[in-house]
Every structure is written in structure tokens, then in C-alpha cells.
Amino acid sequence: MFDHGKVEKNLGLMLVLVLLAISIGGLIEIVPMFFIKGTVEDVKTPEGIKMVRPYSPLENRGRDIYIREGCYLCHSQMIRPFRDEAMRYGHYSLAAESQYDHPFQWGSKRTGPDLARVGKKYSNEWQVQHLIAPRSMVPESVMPNYPWLMQPLDTSDVAERMSVLRMTGVPYSSNQAEYDNNVKDFGAEVAKTLHIPDAQKNLIEQAQTGQFDGNPADVTEMDALVAYLQVLGTMVDFSKFDNDSFVKFR
Amino acid sequence: MSQGNSQESKVQTTGHVWDGDLQELNNPLPAWWLWCFYATIIFSVVYWVAYPAWPLGKGFTTGVATITYKNDKGVEKTTHWNTRALLMKDLQDGREKQKPYFDKVAATPYEQIARNPELSNFVASAGKVLFADNCAACHMSGGQGKMAFAPNLTDDSWIYGGTHDKIQASITNGRHGIMPAKGGANLDEGEIESLANYVLSLSGEQMDAAKIKSGDELFHGKGVCFSCHGVDGKGNQDIGSANLTDKIWLWADVPAQNSAEKKVAAVKAVIASGLNKGVMPAWNSRLSADQIKLLTVYVHDVLGGGSQK
């Protein structure tokens, strides 16, 4: 017969049993998701190219700045499948769209609007002006000013940052075989931007041709952050799908 | 103490006794609480049967509840209950409620919408929401625009044209204004100064007569400004070149300058470095044709700056 006196008098055993008891709820809700087909949607072009790709080196640095500045504290990146959100923000977020986000930026609070599909909604110029002085664009905004984003971007460690993400399963390539695989999955253009040995070169090239902060001469944190914001939610071309195409995954 | 003893006699104990008389009471759960608890257990069983619940290998129990909806191609589908299908149903219901109005807006020629009180009310309220979500970020919530950023939509001056068709084209495909830089190799400092004086004189500013004269020659000659802004400086809405003869400024903040020198400096800066901004995104990928038509009417008639020709 089980005697709870044994548990009460044995701290080690109690600790193990408490951990077991409180993890049951999480385990039975989370673990099956790793096995259920369709948790992460398969989103491909008719030619079989994956629409959702890992971030380019510049976008990746922009994402780091997004996290550094704590943008996620006020902005979510998760459009839920509700009519009001669909009307305001667009198509609900797919799991596939944050599959390369480590950690994901879904957030849990909206002091500002959701940013999951902010990409291409405003011009680069608007984003720059708005980040430096939000109230100059939206008088009623409570967002802080971020004028220091115009400082030069440290690009020296971008390859290391990508290598770490590679360890978590993001398919950045570090050798020819992985590169060839990326060409097959994402197409040659994208595969080039995912190659870790060329990361710094690719970053500078994208910053200079992209006109993100309006000044092609130098690479600033603003370049990186705007590049990141402008790609959010734009990878999946929903015009290629019926509006109910992603119902079947649930 | 006597009270404690009397309670002790009524309530069960766990049977543990410390120090001779310290006992642990074992109060039974209140009946109402217990029955609520049983009810939640019964509810969970009903829920498991009705809705997606238990994982099974690569799939899960989908439940017996279903949702029937029509997708945007009009194909009717029935599927097990899930939030994405529920959204399809909600969107469809919402569309059906708004459909009579959107159909009327789509079927009614632009000029007649403003004359129909029912339709213009719909445009004013639905357009306001669309405008706030999509346009107000640059053109400001009342459409008054922003100096050196986005044009005023409420006045009579239009860069790309203020007719319904032109407004619709601007919203659908976006705009990107470009003016070549005239500084550097093209014109020297003095020439740009003269041009700025001439351009300011076009809108009635009192400027230096000699500089106006040489600026006039540059405008119609070496500077080739006339090729876009027209010989009379009135601009061309087909290519989006600004009318320089009115007092409305977008890129050079002339109205804010309190001296002739500062006004010249503001205009010079634009002439010297040109313009490669004023990007309006294309909205056809974000908004439906119905919504764009509604916004067109909103900008033209509700904001009130629209022109007939």
C-alpha cells in the first residue's frame, strides 16, 4: 500500500514526484504537436520551392536589434484566426512563418499593433522616420523614440550568429553540400544569402542596395531593423492559395 | 478551548496525533463544490466527443462537431470543427452582411455614389476604418498629409490627378516620385540659387529680379526643368510632376520659413539633391478591388478634395 508518509519524509522523492505531476499538463499538450502531421504547414510554390525561408544576414541582425530594443514587449507577431484581426492585419499567422524564429516573437501583449504582416505595408522612409520620432508620423502614438538606430551596425559577428542559429536547426549552410541542398529547397538566389561564409559580404551588399535608411553609403542598425520589418509576413504569397487553403492543416 | 473540543467531536480526523492531543481535521468537501467538479468531468467527456481533443499518432480525434463554410471561390466545404474553419464561416457571414452594400458600391458609377444617401453613409463609415488602418499612417488621420512626406488629400491640388480614376490608380498600383538631382555636375551653386528664386517667383513670392531672369532661362534651357514641370511650371499629372505656380509645397517646407533666404535654401536643397522618395505602396496585394473602390470614393468625396476632371 502506498504511504504518503514516505513522500513527505523524503525530500528528493517529493521533488521528483512534484516535477512529474506539474509537467503532465504541459507534456500531453505539447509533445503530440511534434508528431501530428500539419502542425507546421507545408508552404511551397507550384515549382516545389519553400516559400518561408530563413532570414538573410541583414534581416537576421535586424531581428536581433528588434529583440535588443524590446519591441516584443509592446508588439505581437501573431495574427489569430479571428475576423477582426483578419480585417485589420491580414491572413492569420501560419506556424510555418515562424519556423525559423529562435526564439519566436509571437509576443503576448499589444500596446502597439501586431507586426506579423507589417512588411511592405509602409515605405522604408516611413519606417525610418517613424522609428526615429514616432509622433512625427502618428501624433497619438505612445511609442518611444529610437534615434540611436542610425548608429553603424556591427557586422563582424554575423557569421557566428548564423552558426548558432544553424545549431538550433535553421538551414543556414556552412559547406557545399548544405548549400546545394538550400538551392534545391529555396532556389539559388535565396541559397546565396543563407551561406554562412559569405554572410558579412551579403549583409553589406543588401544594406547598400536596399535603400533601407535612405543612405547607401553606410550600414546602420536602422538598415538592419527596417530590412527585418519589411520582410515580416511577406514570404508566403497568399494570392497563390484559396483563402481556406490552410484550414486542412487543423 | 471548550469550543475547540466541541468542533473536534463533530469533524472527522485523519487519525494523525502529535504530542498526545494535536489532531489533523479532515473536513469533507462542500456538496455544491463536489457536484460542480463532477459536472466539469462530464463536460470534458462531451467536449472530447464534440471537438478535436486527443492526439493519436500523426493525427488526432477530430470530434463530431462540423463547420460548413464557403471559401472565396464559392466552393462549399464541411470540415471538423476548428478555429480556422470557424474564421472562414465568420468571414463569410460578415461578407454576406456587407455584400449588398459592396455590390451596390461596385455597381454604382462613381459620380452617383455621393448622391445616394444610403451608399454615401456606408462609404463614410467603412471608408473611415479602411483609411485609418491603411492610409492614415502617412496621410494623417484626417487626410491632411504631412510636409516633406505625404501630400494633403483634402485640398484641390493633386500630384497624380484627383479624379476617381486617377485616385483609384494611385491606390491600386502605388506611386514613386522621382526628380533627378540638379546639383553637382549639372548646375553650379549660383545657377541653383537663380532657379530657386525663379521657382519661388512662380507662386508669387517677391524675389530678386536679376536672379528670376537667369533662373527663367535655366528653367527653360540648361536645367531642362520645363520637360517635366511644363513650360508654364504648372506640372503634369500624368508623370506626377508638381505644379510650381500654386502656393502648395510638399517637399520644400517653404511656408515654415520666415525669410526669403530660408525659403530659397529650402527650394535649393530639393533642386540640388533631387527626390527619390514619396513612395506610396501598391495596395492591390493587401486590399480587395471592392475595398479600393470604397477608399477611392472616401478620398474623393468624404475627404472632399476630389476633382471632376
# chains A, B, ... in the order shown; residues from 1 in each chain; ligands from 1
>>> interface_residues(of="chain A", to="chain B", cutoff="7 Å", atoms="only C-alpha atoms", output="ChimeraX atom specification")
/A:32,35-37,81-83,88,121-123,137-138,242-244,247,250
>>> write_last_selection(atoms="N, CA and C atoms", output="PDB file, in the first residue's frame")
ATOM      1  N   PRO A  32       2.574  15.898 -28.312  1.00  0.00           N
ATOM      2  CA  PRO A  32       1.930  15.379 -29.533  1.00  0.00           C
ATOM      3  C   PRO A  32       2.072  16.311 -30.735  1.00  0.00           C
ATOM      4  N   PHE A  35       4.497  15.420 -33.307  1.00  0.00           N
ATOM      5  CA  PHE A  35       4.251  14.233 -34.123  1.00  0.00           C
ATOM      6  C   PHE A  35       3.072  14.406 -35.082  1.00  0.00           C
ATOM      7  N   ILE A  36       2.126  15.308 -34.725  1.00  0.00           N
ATOM      8  CA  ILE A  36       0.938  15.460 -35.568  1.00  0.00           C
ATOM      9  C   ILE A  36       1.335  16.109 -36.902  1.00  0.00           C
ATOM     10  N   LYS A  37       0.914  15.484 -37.984  1.00  0.00           N
ATOM     11  CA  LYS A  37       1.239  15.965 -39.322  1.00  0.00           C
ATOM     12  C   LYS A  37       0.506  17.292 -39.549  1.00  0.00           C
ATOM     13  N   PRO A  81      -6.713  33.620 -35.734  1.00  0.00           N
ATOM     14  CA  PRO A  81      -7.753  33.420 -36.741  1.00  0.00           C
ATOM     15  C   PRO A  81      -9.114  33.975 -36.304  1.00  0.00           C
ATOM     16  N   PHE A  82      -9.196  35.281 -36.095  1.00  0.00           N
ATOM     17  CA  PHE A  82     -10.456  35.940 -35.773  1.00  0.00           C
ATOM     18  C   PHE A  82     -10.763  36.959 -36.864  1.00  0.00           C
ATOM     19  N   ARG A  83     -12.071  37.214 -37.062  1.00  0.00           N
ATOM     20  CA  ARG A  83     -12.453  38.102 -38.154  1.00  0.00           C
ATOM     21  C   ARG A  83     -11.879  39.516 -37.956  1.00  0.00           C
ATOM     22  N   ARG A  88      -8.130  43.651 -39.955  1.00  0.00           N
ATOM     23  CA  ARG A  88      -7.161  44.712 -39.708  1.00  0.00           C
ATOM     24  C   ARG A  88      -5.744  44.350 -40.163  1.00  0.00           C
ATOM     25  N   LYS A 121       4.054  47.188 -45.897  1.00  0.00           N
ATOM     26  CA  LYS A 121       2.837  47.987 -45.708  1.00  0.00           C
ATOM     27  C   LYS A 121       3.161  49.474 -45.795  1.00  0.00           C
ATOM     28  N   TYR A 122       4.302  49.873 -45.259  1.00  0.00           N
ATOM     29  CA  TYR A 122       4.736  51.258 -45.318  1.00  0.00           C
ATOM     30  C   TYR A 122       6.060  51.329 -46.061  1.00  0.00           C
ATOM     31  N   SER A 123       6.411  52.519 -46.537  1.00  0.00           N
ATOM     32  CA  SER A 123       7.679  52.673 -47.248  1.00  0.00           C
ATOM     33  C   SER A 123       8.840  52.630 -46.256  1.00  0.00           C
ATOM     34  N   MET A 137       4.936  60.987 -37.133  1.00  0.00           N
ATOM     35  CA  MET A 137       4.097  60.311 -38.129  1.00  0.00           C
ATOM     36  C   MET A 137       2.704  60.015 -37.589  1.00  0.00           C
ATOM     37  N   VAL A 138       2.644  59.610 -36.342  1.00  0.00           N
ATOM     38  CA  VAL A 138       1.359  59.251 -35.731  1.00  0.00           C
ATOM     39  C   VAL A 138       1.248  60.055 -34.435  1.00  0.00           C
ATOM     40  N   ASP A 242      -6.151  29.521 -52.241  1.00  0.00           N
ATOM     41  CA  ASP A 242      -7.513  29.880 -51.861  1.00  0.00           C
ATOM     42  C   ASP A 242      -7.481  30.373 -50.420  1.00  0.00           C
ATOM     43  N   ASN A 243      -8.512  31.154 -50.033  1.00  0.00           N
ATOM     44  CA  ASN A 243      -8.445  31.719 -48.679  1.00  0.00           C
ATOM     45  C   ASN A 243      -8.630  30.657 -47.592  1.00  0.00           C
ATOM     46  N   ASP A 244      -9.051  29.439 -47.986  1.00  0.00           N
ATOM     47  CA  ASP A 244      -9.205  28.388 -46.968  1.00  0.00           C
ATOM     48  C   ASP A 244      -8.152  27.284 -47.106  1.00  0.00           C
ATOM     49  N   VAL A 247      -6.855  25.640 -43.894  1.00  0.00           N
ATOM     50  CA  VAL A 247      -7.787  25.032 -42.938  1.00  0.00           C
ATOM     51  C   VAL A 247      -7.448  23.555 -42.765  1.00  0.00           C
ATOM     52  N   ARG A 250      -5.530  21.916 -39.833  1.00  0.00           N
ATOM     53  CA  ARG A 250      -6.047  21.861 -38.459  1.00  0.00           C
ATOM     54  C   ARG A 250      -7.168  20.841 -38.369  1.00  0.00           C
TER      55      ARG A 250
END
>>> residues_around(residues="Ala227 of chain A", least_positions_apart="3", cutoff="7 Å", atoms="only C-alpha atoms", output="list in words")
Leu58, Glu59, Gly62, Phe212, Asp223, Ala224, Gln230 and Val231 of chain A
>>> write_last_selection(atoms="N, CA, C and O atoms", output="PDB file, in the first residue's frame")
ATOM      1  N   LEU A  58      21.316  40.393 -43.076  1.00  0.00           N
ATOM      2  CA  LEU A  58      20.913  41.735 -42.632  1.00  0.00           C
ATOM      3  C   LEU A  58      19.607  41.668 -41.835  1.00  0.00           C
ATOM      4  O   LEU A  58      19.483  42.284 -40.772  1.00  0.00           O
ATOM      5  N   GLU A  59      18.644  40.906 -42.344  1.00  0.00           N
ATOM      6  CA  GLU A  59      17.356  40.767 -41.642  1.00  0.00           C
ATOM      7  C   GLU A  59      17.562  40.115 -40.275  1.00  0.00           C
ATOM      8  O   GLU A  59      16.924  40.480 -39.286  1.00  0.00           O
ATOM      9  N   GLY A  62      18.748  42.581 -37.954  1.00  0.00           N
ATOM     10  CA  GLY A  62      17.600  43.436 -37.624  1.00  0.00           C
ATOM     11  C   GLY A  62      16.728  42.794 -36.560  1.00  0.00           C
ATOM     12  O   GLY A  62      16.230  43.450 -35.649  1.00  0.00           O
ATOM     13  N   PHE A 212      17.451  51.066 -47.272  1.00  0.00           N
ATOM     14  CA  PHE A 212      16.539  50.978 -46.138  1.00  0.00           C
ATOM     15  C   PHE A 212      16.538  52.262 -45.319  1.00  0.00           C
ATOM     16  O   PHE A 212      15.494  52.788 -44.994  1.00  0.00           O
ATOM     17  N   ASP A 223      19.257  50.219 -41.067  1.00  0.00           N
ATOM     18  CA  ASP A 223      19.202  49.368 -42.267  1.00  0.00           C
ATOM     19  C   ASP A 223      18.698  47.973 -41.895  1.00  0.00           C
ATOM     20  O   ASP A 223      17.805  47.423 -42.537  1.00  0.00           O
ATOM     21  N   ALA A 224      19.310  47.423 -40.834  1.00  0.00           N
ATOM     22  CA  ALA A 224      19.005  46.042 -40.450  1.00  0.00           C
ATOM     23  C   ALA A 224      17.567  45.919 -39.955  1.00  0.00           C
ATOM     24  O   ALA A 224      16.817  45.034 -40.381  1.00  0.00           O
ATOM     25  N   GLN A 230      10.481  44.965 -43.038  1.00  0.00           N
ATOM     26  CA  GLN A 230       9.890  44.915 -44.376  1.00  0.00           C
ATOM     27  C   GLN A 230       9.718  43.490 -44.904  1.00  0.00           C
ATOM     28  O   GLN A 230       9.045  43.293 -45.909  1.00  0.00           O
ATOM     29  N   VAL A 231      10.313  42.514 -44.235  1.00  0.00           N
ATOM     30  CA  VAL A 231      10.143  41.139 -44.728  1.00  0.00           C
ATOM     31  C   VAL A 231       9.076  40.395 -43.905  1.00  0.00           C
ATOM     32  O   VAL A 231       8.602  39.327 -44.301  1.00  0.00           O
TER      33      VAL A 231
END
>>> atom_distance(atom1="atom CA of Asp114 of chain A", atom2="atom CA of Met143 of chain A")
13.5 Å
>>> select_by_dssp(residues="segment 39-132 of chain A", states="helix (DSSP H, G or I)", output="count of residues only")
35
>>> atom_distance(atom1="atom CA of Glu29 of chain A", atom2="atom CA of Ala116 of chain A")
25.0 Å
>>> residues_around(residues="Asn60 of chain A", least_positions_apart="6", cutoff="9 Å", atoms="only C-alpha atoms", output="PyMOL selection string")
chain A and resi 54+158+161-162+224-225+228
>>> atom_distance(atom1="atom CA of Gly305 of chain B", atom2="atom CA of Gln144 of chain B")
10.4 Å
>>> closest_residue(among="B:Asn152, B:Thr172, B:Ser273, B:Asn121", to="Gly184 of chain B", atoms="only C-alpha atoms")
B:Ser273
>>> closest_residue(among="A:Arg117, A:Arg61, A:Lys50, A:His102", to="Met78 of chain A", atoms="only C-alpha atoms")
A:Arg117
